[in-house]
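Visitor: Data: final01.csv, CSV, C-alpha atoms and all ligand atoms.
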chain,number,residue,atom,x,y,z
C,1,MET,CA,101.0,88.6,110.3
C,2,ALA,CA,102.4,86.5,107.5
C,3,ALA,CA,104.9,88.6,105.6
C,4,SER,CA,106.2,88.3,102.1
C,5,ILE,CA,108.7,90.2,100.1
C,6,CYS,CA,107.7,92.6,97.3
C,7,ASP,CA,108.1,91.6,93.7
C,8,THR,CA,111.1,93.8,93.2
C,9,LYS,CA,113.0,92.1,96.1
C,10,ARG,CA,111.9,88.7,95.0
C,11,ASN,CA,113.1,89.2,91.5
C,12,TYR,CA,116.3,90.7,92.8
C,13,THR,CA,117.1,87.9,95.2
C,14,ARG,CA,116.4,85.4,92.3
C,15,GLY,CA,118.9,87.3,90.2
C,16,ALA,CA,116.1,88.1,87.7
C,17,GLY,CA,115.7,91.9,88.3
C,18,PRO,CA,117.5,95.1,89.1
C,19,GLU,CA,118.5,96.0,92.6
C,20,PRO,CA,115.5,97.5,94.5
C,21,VAL,CA,115.7,101.2,95.0
C,22,CYS,CA,113.6,101.4,98.2
C,23,GLY,CA,116.8,101.3,100.4
C,24,LEU,CA,115.3,98.8,102.9
C,25,THR,CA,117.5,96.1,104.3
C,26,PHE,CA,116.4,92.6,103.2
C,27,ASP,CA,116.9,89.8,105.7
C,28,PRO,CA,117.2,86.5,103.7
C,29,VAL,CA,116.8,84.4,106.9
C,30,THR,CA,113.4,85.8,107.8
C,31,ASN,CA,112.6,86.5,104.1
C,32,GLN,CA,111.4,90.0,105.1
C,33,CYS,CA,112.3,93.6,104.6
C,34,GLU,CA,113.3,95.8,107.5
C,35,ARG,CA,110.2,98.0,107.2
C,36,ARG,CA,107.8,95.1,107.1
C,37,ILE,CA,109.3,93.6,110.3
C,38,ILE,CA,109.0,97.0,112.0
C,39,ARG,CA,105.4,97.4,110.9
C,40,ALA,CA,104.3,93.9,111.4
C,41,PHE,CA,105.9,92.8,114.6
C,42,ALA,CA,107.5,95.8,116.5
C,43,SER,CA,104.5,98.1,116.4
C,44,PRO,CA,103.7,99.6,119.8
C,45,VAL,CA,100.1,99.9,118.7
C,46,LEU,CA,97.8,97.1,119.5
C,47,LEU,CA,96.0,95.1,116.9
C,48,MET,CA,92.6,96.4,116.2
C,49,ALA,CA,89.8,95.9,113.7
C,50,ASN,CA,89.7,98.6,111.1
C,51,ILE,CA,86.7,98.5,108.9
C,52,ILE,CA,87.5,100.2,105.6
C,53,ILE,CA,85.4,100.4,102.4
C,54,ILE,CA,87.7,99.4,99.6
C,55,ASN,CA,86.4,99.5,96.1
C,56,ASN,CA,82.8,99.3,97.5
C,57,GLU,CA,83.6,96.3,99.7
C,58,ALA,CA,83.9,96.4,103.5
C,59,VAL,CA,87.2,95.1,104.6
C,60,ASN,CA,88.0,94.2,108.2
C,61,ALA,CA,91.7,94.8,108.5
C,62,GLU,CA,93.0,93.2,111.7
C,63,LEU,CA,96.4,94.8,111.6
C,64,PRO,CA,98.2,97.3,113.7
C,65,SER,CA,96.6,100.7,113.4
C,66,ASP,CA,99.7,102.3,112.0
C,67,THR,CA,100.0,99.8,109.1
C,68,PRO,CA,100.3,101.9,105.9
C,69,LEU,CA,97.2,101.6,103.7
C,70,LEU,CA,99.5,100.6,100.9
C,71,TRP,CA,100.6,97.5,102.8
C,72,LEU,CA,97.0,96.5,103.3
C,73,LEU,CA,96.2,97.0,99.6
C,74,ARG,CA,99.2,95.2,98.1
C,75,ASP,CA,100.1,92.5,100.6
C,76,HIS,CA,96.8,91.6,102.1
C,77,LEU,CA,94.2,92.3,99.4
C,78,ASP,CA,96.4,91.6,96.4
C,79,LEU,CA,95.5,95.0,94.9
C,80,THR,CA,98.9,95.4,93.3
C,81,GLY,CA,97.9,98.1,90.8
C,82,THR,CA,98.9,100.6,93.4
C,83,LYS,CA,102.7,100.7,93.4
C,84,PHE,CA,105.3,101.1,96.1
C,85,GLY,CA,107.9,103.6,95.0
C,86,CYS,CA,109.6,105.8,97.6
C,87,GLY,CA,107.6,104.8,100.7
C,88,THR,CA,107.8,108.3,102.0
C,89,GLY,CA,105.2,110.3,100.2
C,90,LEU,CA,107.5,111.7,97.6
C,91,CYS,CA,106.8,110.0,94.3
C,92,GLY,CA,103.1,109.6,94.0
C,93,ALA,CA,103.2,105.9,92.7
C,94,CYS,CA,101.0,104.8,95.6
C,95,THR,CA,98.2,107.3,95.1
C,96,VAL,CA,94.6,106.1,95.8
C,97,HIS,CA,91.4,108.0,96.5
C,98,VAL,CA,90.1,108.4,100.1
C,99,GLU,CA,86.6,109.8,100.0
C,100,GLY,CA,87.4,110.9,96.4
C,101,GLN,CA,90.6,112.8,97.2
C,102,PRO,CA,94.0,111.6,96.1
C,103,VAL,CA,96.2,110.5,99.0
C,104,ARG,CA,99.5,108.8,99.2
C,105,SER,CA,98.8,105.4,100.6
C,106,CYS,CA,102.4,104.7,101.7
C,107,VAL,CA,102.1,107.4,104.4
C,108,THR,CA,98.4,106.9,105.2
C,109,THR,CA,97.7,104.6,108.2
C,110,ILE,CA,94.8,102.3,108.1
C,111,ALA,CA,93.5,103.9,111.3
C,112,SER,CA,93.2,107.2,109.6
C,113,VAL,CA,90.9,105.8,106.9
C,114,GLN,CA,88.7,103.7,109.2
C,115,GLY,CA,85.1,103.8,108.0
C,116,LYS,CA,86.1,105.8,104.9
C,117,GLU,CA,85.8,104.9,101.2
C,118,VAL,CA,89.0,104.0,99.5
C,119,THR,CA,89.3,103.6,95.7
C,120,THR,CA,92.2,102.0,94.0
C,121,ILE,CA,93.0,101.9,90.3
C,122,GLU,CA,91.2,98.5,90.3
C,123,GLY,CA,88.1,100.2,91.6
C,124,LEU,CA,88.1,103.0,89.0
C,125,SER,CA,86.4,100.8,86.4
C,126,LYS,CA,85.8,97.1,86.4
C,127,THR,CA,86.6,96.9,82.7
C,128,GLY,CA,89.4,99.5,82.6
C,129,ASP,CA,87.3,101.9,80.5
C,130,HIS,CA,87.1,105.0,82.6
C,131,PRO,CA,87.5,108.0,80.2
C,132,VAL,CA,90.9,108.8,81.8
C,133,GLN,CA,92.1,105.2,81.3
C,134,LYS,CA,90.9,105.3,77.7
C,135,ALA,CA,92.7,108.6,77.1
C,136,TRP,CA,95.9,107.0,78.5
C,137,ILE,CA,95.6,104.2,76.0
C,138,GLU,CA,94.7,106.6,73.1
C,139,GLU,CA,97.7,108.8,73.8
C,140,ASP,CA,100.0,105.8,74.4
C,141,VAL,CA,101.2,107.3,77.7
C,142,PRO,CA,102.9,104.6,79.8
C,143,GLN,CA,106.5,103.5,79.2
C,144,CYS,CA,107.5,101.2,82.1
C,145,GLY,CA,104.1,102.0,83.7
C,146,TYR,CA,105.3,102.0,87.3
C,147,CYS,CA,104.1,105.6,88.1
C,148,GLN,CA,101.0,105.5,85.9
C,149,SER,CA,98.3,104.2,88.3
C,150,GLY,CA,99.2,107.0,90.7
C,151,MET,CA,99.2,109.5,87.8
C,152,ILE,CA,95.7,108.3,86.7
C,153,MET,CA,94.2,108.4,90.1
C,154,THR,CA,95.3,112.0,90.6
C,155,SER,CA,94.2,113.0,87.1
C,156,VAL,CA,90.7,111.5,87.8
C,157,ALA,CA,90.4,113.6,91.0
C,158,LEU,CA,91.7,116.7,89.1
C,159,LEU,CA,89.1,116.3,86.3
C,160,LYS,CA,86.3,115.8,88.9
C,161,ALA,CA,87.3,119.1,90.6
C,162,LYS,CA,88.2,121.0,87.4
C,163,PRO,CA,86.5,119.4,84.3
C,164,LYS,CA,88.4,121.8,82.0
C,165,PRO,CA,91.9,122.1,83.6
C,166,THR,CA,94.6,124.5,82.5
C,167,ASP,CA,98.3,123.7,82.2
C,168,ALA,CA,98.7,125.3,85.6
C,169,ASP,CA,96.0,123.1,87.1
C,170,ILE,CA,97.7,120.0,85.7
C,171,ASP,CA,101.1,121.2,87.0
C,172,SER,CA,99.8,121.8,90.4
C,173,ALA,CA,97.8,118.6,90.7
C,174,LEU,CA,100.7,116.4,89.5
C,175,ALA,CA,103.4,118.2,91.5
C,176,GLY,CA,105.3,115.6,93.3
C,177,HIS,CA,104.4,112.8,91.0
C,178,ILE,CA,107.6,111.4,89.5
C,179,CYS,CA,107.8,109.6,86.2
C,180,ARG,CA,111.3,108.2,85.8
C,181,CYS,CA,110.5,107.5,82.1
C,182,GLY,CA,109.6,111.2,81.5
C,183,THR,CA,106.1,110.7,80.1
C,184,TYR,CA,104.9,114.1,81.4
C,185,SER,CA,104.0,115.6,78.1
C,186,ARG,CA,101.9,112.5,77.1
C,187,ILE,CA,100.2,112.6,80.5
C,188,ARG,CA,99.3,116.3,79.9
C,189,LYS,CA,97.9,115.4,76.5
C,190,ALA,CA,95.9,112.5,77.8
C,191,ILE,CA,94.4,114.7,80.5
C,192,TYR,CA,93.2,117.1,77.8
C,193,THR,CA,91.9,114.2,75.7
C,194,ALA,CA,90.0,112.8,78.8
C,195,ALA,CA,88.6,116.3,79.6
C,196,ALA,CA,87.3,116.6,76.0
C,197,ALA,CA,85.6,113.2,76.3
C,198,MET,CA,84.0,113.6,79.7
C,199,PRO,CA,80.6,115.3,80.0
C,200,VAL,CA,80.9,118.6,81.9
C,201,PRO,CA,78.6,118.5,84.9
C,202,ALA,CA,75.9,121.2,85.0
C,203,PRO,CA,76.8,124.1,87.3
C,204,ALA,CA,74.9,124.1,90.6
C,205,PRO,CA,72.4,127.0,91.0
C,206,ALA,CA,73.8,129.9,93.0
C,207,LYS,CA,72.6,129.9,96.6
C,208,GLY,CA,70.0,132.5,97.5
C,209,LYS,CA,69.6,133.7,93.9
C,210,ALA,CA,67.2,131.0,92.6
C,211,LYS,CA,63.8,132.4,91.6
C,212,PRO,CA,60.8,130.3,92.2
C,213,ALA,CA,59.7,128.5,89.0
C,214,PRO,CA,56.6,130.2,87.4
C,215,LYS,CA,53.4,128.3,87.9
C,216,SER,CA,52.6,126.3,84.8
C,217,LYS,CA,49.0,126.3,83.6
C,218,THR,CA,49.2,122.8,82.2
C,219,PRO,CA,51.0,119.9,83.9
C,220,ALA,CA,54.3,119.4,82.3
C,221,SER,CA,53.8,115.6,82.1
C,222,GLY,CA,50.5,115.9,80.3
C,223,ARG,CA,48.8,114.2,83.3
C,224,ASP,CA,46.5,116.3,85.3
C,225,THR,CA,47.0,115.6,89.0
C,226,LYS,CA,44.1,117.7,90.2
C,227,LYS,CA,41.2,115.9,91.9
C,228,GLY,CA,38.3,115.4,89.6
C,229,ALA,CA,40.1,116.6,86.5
C,230,LYS,CA,39.0,115.0,83.2
C,231,ALA,CA,41.2,112.8,81.3
N,1,LIG,S1,105.4,105.2,97.3
N,1,LIG,FE1,104.0,106.6,98.2
N,1,LIG,S2,104.6,108.5,97.5
N,1,LIG,FE2,106.2,107.2,96.8
N,2,LIG,S1,106.2,105.3,82.9
N,2,LIG,FE1,108.0,104.6,83.9
N,2,LIG,S2,108.1,105.7,85.7
N,2,LIG,FE2,106.5,106.6,84.6
Please rewrite the model in this file as structure tokens.
Guide:
Amino acid sequence: MAASICDTKRNYTRGAGPEPVCGLTFDPVTNQCERRIIRAFASPVLLMANIIIINNEAVNAELPSDTPLLWLLRDHLDLTGTKFGCGTGLCGACTVHVEGQPVRSCVTTIASVQGKEVTTIEGLSKTGDHPVQKAWIEEDVPQCGYCQSGMIMTSVALLKAKPKPTDADIDSALAGHICRCGTYSRIRKAIYTAAAAMPVPAPAPAKGKAKPAPKSKTPASGRDTKKGAKA
């Protein structure tokens, strides 16, 4: 697999950026990071085809099965909206949806999502106008922006599960998401703004309690479907 270094490492090695915080050893001879070498070339797992549906497109990822989903997204598919923060499932920057649930793609192997639907921030809305994205803009949430796509993906999943979340729901959903710029209060405000803008889905009828609809004497549509009925 052709390997490339991440933007942070690249900028750092060019003297145009801060020192990366990932803690991985960078080898200037091979132009690769320690973790990429381990994943790409020293994996004990054989290469295999992993068909994954990413943003409604089938992707055949011919990579070692234990390749993190984040590597596939950023390095192979150029979906760089999903960020690499800690690499160990602790910051939330890499959050994407798998079958609609938020997961941390840095600690999710491509084998574990084989045949499943993955949605990244790029797949949320083609034009960036999902109600949560619009609320983020309205409330001017991001500062540096690094954590924000992960925050948005988790917030979208939260609002799907709880269209009118409480403070406690928000705290629980975003636990473990870290924003180094401290935008937490604006994130909370934006979630409430999005919740107010999103239509609340009608509650599903309770199972076993639904009464049969009364028979109507006249067809609701105004068209009589009985044989021989007059127009
Ligand atoms: S980069 Fe995945 S949780 Fe931090
Ligand atoms: S906006 Fe900078 S880390 Fe969250």
Visitor: Within 9 Å of ligand LIG 2 (chain N), counting only C-alpha atoms and all ligand atoms: which residues, as a ChimeraX atom specification?
Guide: /C:93,141-148,151,178-184
Visitor: List all protein, DNA and RNA residues that have an atom no more than 9 Å from any atom of ligand LIG 1 (chain N), counting only C-alpha atoms and all ligand atoms, and report them as a ChimeraX atom specification.
Guide: /C:70,82-95,103-108,150,176-178
Visitor: Using only C-alpha atoms, can you tell me which of C:Met153, C:Trp71, C:Ala197, C:Leu174 comes closest to C:Ser125?
Guide: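 The shortest atom-to-atom distance to C:Ser125 comes from C:Met153.
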Visitor: What lies within 12 Å of C:Pro201 using all atoms listed in the file, ignoring chain neighbours under 6 positions off, as a list in words?
Guide: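 Residues near the query, excluding close chain neighbours: Leu159, Lys160, Ala161, Lys162, Pro163, Lys164 and Ala195 of chain C.
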Visitor: Tell me, in Å to one decimal, how far atom CA of C:Pro205 is from atom CA of C:Ala157.
Guide: 22.4 Å
Visitor: Between atom CA of C:Val200 and atom CA of C:Val156, what is the distance in Å, rounded to a tenth?
Guide: 13.5 Å
Visitor: Separation of atom CA of C:Glu139 and atom CA of C:Arg186, in Å?
Guide: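 Interatomic distance here is 6.5 Å.
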Visitor: Select, counting only C-alpha atoms, all protein, DNA and RNA residues no farther than 12 Å from (94.8, 115.4, 73.1) in file coordinates, and express the selection as a PDB file with C-alpha atoms, in the coordinates of the input.
Guide:
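Listing of result-v8.pdb after writing:
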ATOM      1  CA  VAL C 132      90.900 108.800  81.800  1.00  0.00           C
ATOM      2  CA  LYS C 134      90.900 105.300  77.700  1.00  0.00           C
ATOM      3  CA  ALA C 135      92.700 108.600  77.100  1.00  0.00           C
ATOM      4  CA  TRP C 136      95.900 107.000  78.500  1.00  0.00           C
ATOM      5  CA  ILE C 137      95.600 104.200  76.000  1.00  0.00           C
ATOM      6  CA  GLU C 138      94.700 106.600  73.100  1.00  0.00           C
ATOM      7  CA  GLU C 139      97.700 108.800  73.800  1.00  0.00           C
ATOM      8  CA  ASP C 140     100.000 105.800  74.400  1.00  0.00           C
ATOM      9  CA  VAL C 141     101.200 107.300  77.700  1.00  0.00           C
ATOM     10  CA  SER C 185     104.000 115.600  78.100  1.00  0.00           C
ATOM     11  CA  ARG C 186     101.900 112.500  77.100  1.00  0.00           C
ATOM     12  CA  ILE C 187     100.200 112.600  80.500  1.00  0.00           C
ATOM     13  CA  ARG C 188      99.300 116.300  79.900  1.00  0.00           C
ATOM     14  CA  LYS C 189      97.900 115.400  76.500  1.00  0.00           C
ATOM     15  CA  ALA C 190      95.900 112.500  77.800  1.00  0.00           C
ATOM     16  CA  ILE C 191      94.400 114.700  80.500  1.00  0.00           C
ATOM     17  CA  TYR C 192      93.200 117.100  77.800  1.00  0.00           C
ATOM     18  CA  THR C 193      91.900 114.200  75.700  1.00  0.00           C
ATOM     19  CA  ALA C 194      90.000 112.800  78.800  1.00  0.00           C
ATOM     20  CA  ALA C 195      88.600 116.300  79.600  1.00  0.00           C
ATOM     21  CA  ALA C 196      87.300 116.600  76.000  1.00  0.00           C
ATOM     22  CA  ALA C 197      85.600 113.200  76.300  1.00  0.00           C
TER      23      ALA C 197
END
Visitor: So that I can check the surroundings of C:Val113, please list as a ChimeraX atom specification every protein, DNA and RNA residue that reaches within 8 Å of it, counting only C-alpha atoms and ignoring chain neighbours fewer than 4 positions away.
Guide: /C:52,98,108-109,117-118
